$ cat coords.cif   # mmCIF, C-alpha atoms
data_target
#
loop_
_atom_site.group_PDB
_atom_site.id
_atom_site.type_symbol
_atom_site.label_atom_id
_atom_site.label_comp_id
_atom_site.auth_asym_id
_atom_site.auth_seq_id
_atom_site.Cartn_x
_atom_site.Cartn_y
_atom_site.Cartn_z
ATOM 1 C CA MET A 1 74.679 102.897 116.037
ATOM 2 C CA GLU A 2 78.468 103.196 116.137
ATOM 3 C CA MET A 3 80.616 105.051 113.600
ATOM 4 C CA LYS A 4 84.362 105.417 113.407
ATOM 5 C CA LEU A 5 86.160 108.009 111.344
ATOM 6 C CA GLU A 6 88.876 106.041 109.566
ATOM 7 C CA LEU A 7 90.107 107.973 106.502
ATOM 8 C CA ILE A 8 90.261 111.611 105.391
ATOM 9 C CA ALA A 9 91.156 112.509 101.804
ATOM 10 C CA VAL A 10 93.687 115.350 101.648
ATOM 11 C CA PRO A 11 93.894 117.015 98.213
ATOM 12 C CA VAL A 12 97.460 117.572 97.006
ATOM 13 C CA SER A 13 99.054 118.657 93.730
ATOM 14 C CA ASP A 14 102.221 116.537 93.927
ATOM 15 C CA VAL A 15 101.766 113.139 95.566
ATOM 16 C CA ASP A 16 105.464 112.367 96.033
ATOM 17 C CA ARG A 17 106.193 115.795 97.563
ATOM 18 C CA ALA A 18 103.201 115.450 99.905
ATOM 19 C CA LYS A 19 104.133 111.890 100.871
ATOM 20 C CA ALA A 20 107.675 113.028 101.719
ATOM 21 C CA PHE A 21 106.324 115.935 103.802
ATOM 22 C CA TYR A 22 103.908 113.781 105.772
ATOM 23 C CA THR A 23 106.362 110.928 106.393
ATOM 24 C CA GLU A 24 109.694 112.756 106.752
ATOM 25 C CA LYS A 25 108.575 116.040 108.297
ATOM 26 C CA MET A 26 105.349 115.151 110.121
ATOM 27 C CA GLY A 27 106.337 111.616 111.152
ATOM 28 C CA PHE A 28 103.308 109.842 109.647
ATOM 29 C CA ASN A 29 103.565 106.139 108.825
ATOM 30 C CA ALA A 30 103.342 105.237 105.120
ATOM 31 C CA ASP A 31 100.822 102.389 105.226
ATOM 32 C CA TYR A 32 100.072 101.891 101.555
ATOM 33 C CA ASP A 33 101.099 103.281 98.167
ATOM 34 C CA GLN A 34 99.498 101.752 95.102
ATOM 35 C CA GLN A 35 99.359 102.969 91.517
ATOM 36 C CA VAL A 36 96.063 101.287 90.649
ATOM 37 C CA ASP A 37 96.044 102.415 87.029
ATOM 38 C CA GLU A 38 97.230 105.405 85.006
ATOM 39 C CA HIS A 39 94.525 107.626 86.557
ATOM 40 C CA LEU A 40 94.408 106.362 90.137
ATOM 41 C CA ARG A 41 97.099 106.326 92.819
ATOM 42 C CA PHE A 42 96.194 105.699 96.456
ATOM 43 C CA VAL A 43 98.572 106.542 99.317
ATOM 44 C CA GLN A 44 97.459 105.986 102.913
ATOM 45 C CA LEU A 45 99.346 107.688 105.746
ATOM 46 C CA THR A 46 98.663 107.467 109.483
ATOM 47 C CA PRO A 47 99.740 109.910 112.198
ATOM 48 C CA PRO A 48 101.565 108.183 115.058
ATOM 49 C CA GLY A 49 99.055 106.893 117.607
ATOM 50 C CA SER A 50 96.013 107.648 115.456
ATOM 51 C CA ALA A 51 93.197 105.285 114.508
ATOM 52 C CA CYS A 52 92.310 107.602 111.610
ATOM 53 C CA SER A 53 94.469 107.883 108.494
ATOM 54 C CA ILE A 54 94.678 110.311 105.607
ATOM 55 C CA CYS A 55 94.883 109.433 101.946
ATOM 56 C CA ILE A 56 96.552 111.385 99.178
ATOM 57 C CA GLY A 57 96.921 110.478 95.557
ATOM 58 C CA THR A 58 95.523 111.030 92.107
ATOM 59 C CA GLY A 59 91.961 110.362 91.029
ATOM 60 C CA LEU A 60 90.689 110.257 94.626
ATOM 61 C CA THR A 61 88.816 113.505 95.120
ATOM 62 C CA ALA A 62 87.457 116.509 93.264
ATOM 63 C CA MET A 63 88.685 118.867 96.007
ATOM 64 C CA LYS A 64 91.304 121.402 94.971
ATOM 65 C CA PRO A 65 94.814 120.970 96.410
ATOM 66 C CA GLY A 66 95.175 122.993 99.580
ATOM 67 C CA SER A 67 91.430 123.347 100.150
ATOM 68 C CA LEU A 68 91.259 121.618 103.544
ATOM 69 C CA ASP A 69 91.158 124.276 106.204
ATOM 70 C CA MET A 70 91.724 122.783 109.625
ATOM 71 C CA ILE A 71 92.198 119.113 110.171
ATOM 72 C CA GLN A 72 92.529 118.823 113.929
ATOM 73 C CA ALA A 73 94.424 116.258 115.951
ATOM 74 C CA VAL A 74 94.657 116.040 119.729
ATOM 75 C CA VAL A 75 98.138 115.789 121.256
ATOM 76 C CA ALA A 76 99.408 115.323 124.797
ATOM 77 C CA ASP A 77 101.812 118.296 124.715
ATOM 78 C CA ALA A 78 101.540 121.158 122.217
ATOM 79 C CA ARG A 79 104.992 122.537 123.091
ATOM 80 C CA GLN A 80 106.603 119.145 122.455
ATOM 81 C CA VAL A 81 104.818 118.847 119.097
ATOM 82 C CA HIS A 82 105.936 122.371 118.203
ATOM 83 C CA ASP A 83 109.548 121.650 119.063
ATOM 84 C CA GLU A 84 109.638 118.278 117.308
ATOM 85 C CA LEU A 85 108.077 119.575 114.094
ATOM 86 C CA ALA A 86 110.262 122.694 114.075
ATOM 87 C CA GLY A 87 113.286 120.448 114.598
ATOM 88 C CA ARG A 88 112.293 118.491 111.484
ATOM 89 C CA GLY A 89 112.148 121.689 109.436
ATOM 90 C CA VAL A 90 108.370 122.174 109.437
ATOM 91 C CA GLU A 91 107.152 125.769 109.406
ATOM 92 C CA VAL A 92 105.042 125.734 112.555
ATOM 93 C CA SER A 93 103.187 128.453 114.446
ATOM 94 C CA ASP A 94 104.003 129.497 117.955
ATOM 95 C CA VAL A 95 101.963 127.697 120.605
ATOM 96 C CA ALA A 96 98.654 129.527 121.020
ATOM 97 C CA VAL A 97 97.278 129.147 124.534
ATOM 98 C CA LEU A 98 93.502 129.571 124.617
ATOM 99 C CA ALA A 99 90.845 128.794 127.229
ATOM 100 C CA TRP A 100 89.905 125.577 125.377
ATOM 101 C CA GLY A 101 93.438 124.334 124.802
ATOM 102 C CA SER A 102 96.897 125.014 123.468
ATOM 103 C CA PHE A 103 97.276 124.885 119.693
ATOM 104 C CA VAL A 104 100.030 124.535 117.123
ATOM 105 C CA TYR A 105 99.235 125.178 113.448
ATOM 106 C CA VAL A 106 100.940 123.731 110.362
ATOM 107 C CA SER A 107 100.263 123.803 106.630
ATOM 108 C CA ASP A 108 101.370 121.143 104.166
ATOM 109 C CA PRO A 109 103.140 122.163 100.919
ATOM 110 C CA ASP A 110 99.764 122.733 99.208
ATOM 111 C CA GLY A 111 98.323 124.806 102.040
ATOM 112 C CA ASN A 112 96.077 122.214 103.713
ATOM 113 C CA ARG A 113 95.961 123.428 107.319
ATOM 114 C CA TRP A 114 96.374 121.335 110.448
ATOM 115 C CA ALA A 115 95.760 122.187 114.101
ATOM 116 C CA PHE A 116 97.293 120.190 116.942
ATOM 117 C CA GLN A 117 95.376 120.729 120.178
ATOM 118 C CA GLU A 118 96.489 119.974 123.693
ATOM 119 C CA VAL A 119 93.211 119.698 125.589
ATOM 120 C CA PRO A 120 93.320 121.483 128.949
ATOM 121 C CA ARG A 121 93.207 119.367 132.068
ATOM 122 C CA ARG A 122 89.812 119.281 133.733
ATOM 123 C CA GLN A 123 89.730 120.600 137.246
#

$ encode --input "coords.cif" --output "structure tokens"
Amino acid sequence: MEMKLELIAVPVSDVDRAKAFYTEKMGFNADYDQQVDEHLRFVQLTPPGSACSICIGTGLTAMKPGSLDMIQAVVADARQVHDELAGRGVEVSDVAVLAWGSFVYVSDPDGNRWAFQEVPRRQ
């Protein structure tokens, strides 16, 4: 049996503010933005190079805005990600170098937390 993770719902309080953060600050692609009806808006955003997207909107999830604690993405170079995000005005942690990789941490405007991991090279 094969399964592919394709979409993660990220709970936000202000869809337009979150969409601007993810596209302008984080560099995600805005794939889709549809106001389905007065209670449902679906916005799909994809990180560059990712096969998995996130969705934000209204009427999508019962999760409270800011309740996601650690969405993790793998990157080729944690320092480069740090510098690029900081250069775009994102509040980003210092690079944390651990035995299992180098990490950069970011929170969106609602407090949903992201980790970007550079996996160490195998020897």

$ resolve_selection --input "coords.cif" --expression "the PyMOL selection byres ((chain A and resi 14) around 10)" --output "ChimeraX atom specification"
/A:11-13,15-19,56-58,65,109-110

$ resolve_selection --input "coords.cif" --expression "the PyMOL selection byres ((chain A and resi 24-31) around 7)" --output "compact mmCIF listing (two decimals) with C-alpha atoms, in the coordinates of the input"
# COMPACT_ATOMS: atom_id res chain seq x y z
CA ALA A 20 107.68 113.03 101.72
CA PHE A 21 106.32 115.94 103.80
CA TYR A 22 103.91 113.78 105.77
CA THR A 23 106.36 110.93 106.39
CA TYR A 32 100.07 101.89 101.56
CA GLN A 44 97.46 105.99 102.91
CA LEU A 45 99.35 107.69 105.75
CA THR A 46 98.66 107.47 109.48
CA PRO A 47 99.74 109.91 112.20
CA PRO A 48 101.56 108.18 115.06
CA LEU A 85 108.08 119.58 114.09
CA ARG A 88 112.29 118.49 111.48
CA GLY A 89 112.15 121.69 109.44
CA VAL A 90 108.37 122.17 109.44

$ closest_residue --input "coords.cif" --among "A:Ala9, A:Val43, A:Cys55, A:Val95" --to "Ser67 (chain A)" --atoms "all atoms listed in the file"
A:Ala9

$ resolve_selection --input "coords.cif" --expression "the PyMOL selection byres ((chain A and resi 98-101) around 9)" --output "list in words"
Ala96, Val97, Ser102, Phe103, Gln117, Glu118, Val119, Pro120 and Arg121 of chain A

$ axis_aligned_box --input "coords.cif" --around "region 68-77 of chain A" --padding-each-side "8 Å" --output "JSON"
{"center_x": 96.5, "center_y": 119.8, "center_z": 114.2, "size_x": 26.7, "size_y": 25.0, "size_z": 37.3}

$ residues_around --input "coords.cif" --residues "Leu7 (chain A)" --least-positions-apart "5" --cutoff "6 Å" --atoms "all atoms listed in the file" --output "NGL selection string"
:A and (52-54)

$ write_last_selection --input "coords.cif" --atoms "C-alpha atoms" --output "PDB file, in the coordinates of the input"
ATOM      1  CA  CYS A  52      92.310 107.602 111.610  1.00  0.00           C
ATOM      2  CA  SER A  53      94.469 107.883 108.494  1.00  0.00           C
ATOM      3  CA  ILE A  54      94.678 110.311 105.607  1.00  0.00           C
TER       4      ILE A  54
END

$ closest_residue --input "coords.cif" --among "A:Val75, A:Trp114, A:Glu38, A:Gly87" --to "Val10 (chain A)" --atoms "only C-alpha atoms"
A:Trp114

$ atom_distance --input "coords.cif" --atom1 "CA of Ala73 (chain A)" --atom2 "CA of Ser50 (chain A)"
8.8 Å

$ atom_distance --input "coords.cif" --atom1 "CA of Val106 (chain A)" --atom2 "CA of Asp83 (chain A)"
12.4 Å

$ residues_around --input "coords.cif" --residues "Ile71 (chain A)" --least-positions-apart "5" --cutoff "10 Å" --atoms "all atoms listed in the file" --output "list of chain:residue names"
A:Ile8, A:Val10, A:Tyr105, A:Val106, A:Ser107, A:Asn112, A:Arg113, A:Trp114, A:Ala115, A:Phe116

$ atom_distance --input "coords.cif" --atom1 "CA of Asp37 (chain A)" --atom2 "CA of Lys4 (chain A)"
29.0 Å

$ closest_residue --input "coords.cif" --among "A:Val104, A:Val36, A:Gly49, A:Met63" --to "Arg79 (chain A)" --atoms "only C-alpha atoms"
A:Val104

$ closest_residue --input "coords.cif" --among "A:Gln80, A:Met3, A:Thr61, A:Met70" --to "Gly111 (chain A)" --atoms "all atoms listed in the file"
A:Met70

$ decode --input "coords.cif" --residues "region 30-55 of chain A" --atoms "N, CA and C atoms" --output "compact mmCIF listing (two decimals), in the first residue's frame"
# COMPACT_ATOMS: atom_id res chain seq x y z
N ALA A 30 1.14 30.45 -4.35
CA ALA A 30 -0.31 30.48 -4.14
C ALA A 30 -0.95 29.70 -5.28
N ASP A 31 -1.38 28.47 -4.99
CA ASP A 31 -1.93 27.58 -6.01
C ASP A 31 -3.40 27.85 -6.28
N TYR A 32 -4.14 28.18 -5.23
CA TYR A 32 -5.60 28.21 -5.36
C TYR A 32 -6.17 29.07 -4.25
N ASP A 33 -7.14 29.89 -4.58
CA ASP A 33 -7.85 30.71 -3.59
C ASP A 33 -9.29 30.83 -4.05
N GLN A 34 -10.18 30.15 -3.36
CA GLN A 34 -11.58 30.12 -3.77
C GLN A 34 -12.49 30.38 -2.57
N GLN A 35 -13.34 31.39 -2.71
CA GLN A 35 -14.42 31.61 -1.75
C GLN A 35 -15.58 30.76 -2.23
N VAL A 36 -15.76 29.60 -1.62
CA VAL A 36 -16.75 28.63 -2.06
C VAL A 36 -18.16 29.12 -1.77
N ASP A 37 -18.35 29.61 -0.56
CA ASP A 37 -19.61 30.22 -0.16
C ASP A 37 -19.31 31.15 1.02
N GLU A 38 -20.33 31.70 1.65
CA GLU A 38 -20.06 32.68 2.71
C GLU A 38 -19.36 32.08 3.92
N HIS A 39 -19.36 30.76 4.06
CA HIS A 39 -18.75 30.10 5.22
C HIS A 39 -17.48 29.34 4.90
N LEU A 40 -17.14 29.21 3.62
CA LEU A 40 -16.01 28.37 3.24
C LEU A 40 -15.11 29.08 2.23
N ARG A 41 -13.85 29.26 2.63
CA ARG A 41 -12.82 29.77 1.73
C ARG A 41 -11.65 28.81 1.81
N PHE A 42 -11.14 28.40 0.66
CA PHE A 42 -10.05 27.44 0.57
C PHE A 42 -8.88 28.08 -0.16
N VAL A 43 -7.73 28.13 0.51
CA VAL A 43 -6.50 28.66 -0.08
C VAL A 43 -5.44 27.58 0.04
N GLN A 44 -4.87 27.18 -1.09
CA GLN A 44 -3.81 26.17 -1.10
C GLN A 44 -2.49 26.84 -1.45
N LEU A 45 -1.47 26.55 -0.64
CA LEU A 45 -0.14 27.14 -0.80
C LEU A 45 0.89 26.02 -0.76
N THR A 46 1.91 26.11 -1.62
CA THR A 46 2.92 25.05 -1.68
C THR A 46 4.32 25.63 -1.50
N PRO A 47 5.08 25.07 -0.56
CA PRO A 47 6.48 25.49 -0.41
C PRO A 47 7.26 25.16 -1.69
N PRO A 48 8.24 25.97 -2.05
CA PRO A 48 9.01 25.69 -3.25
C PRO A 48 9.68 24.32 -3.17
N GLY A 49 9.49 23.51 -4.20
CA GLY A 49 10.10 22.19 -4.27
C GLY A 49 9.35 21.09 -3.54
N SER A 50 8.23 21.41 -2.91
CA SER A 50 7.51 20.43 -2.11
C SER A 50 6.39 19.75 -2.91
N ALA A 51 6.17 18.47 -2.62
CA ALA A 51 5.03 17.76 -3.19
C ALA A 51 3.81 17.90 -2.28
N CYS A 52 4.02 18.37 -1.06
CA CYS A 52 2.94 18.55 -0.09
C CYS A 52 2.64 20.03 0.05
N SER A 53 1.36 20.36 0.10
CA SER A 53 0.91 21.74 0.24
C SER A 53 0.28 21.94 1.61
N ILE A 54 0.01 23.20 1.94
CA ILE A 54 -0.80 23.53 3.10
C ILE A 54 -2.07 24.19 2.60
N CYS A 55 -3.11 24.16 3.42
CA CYS A 55 -4.30 24.93 3.10
C CYS A 55 -4.66 25.77 4.31
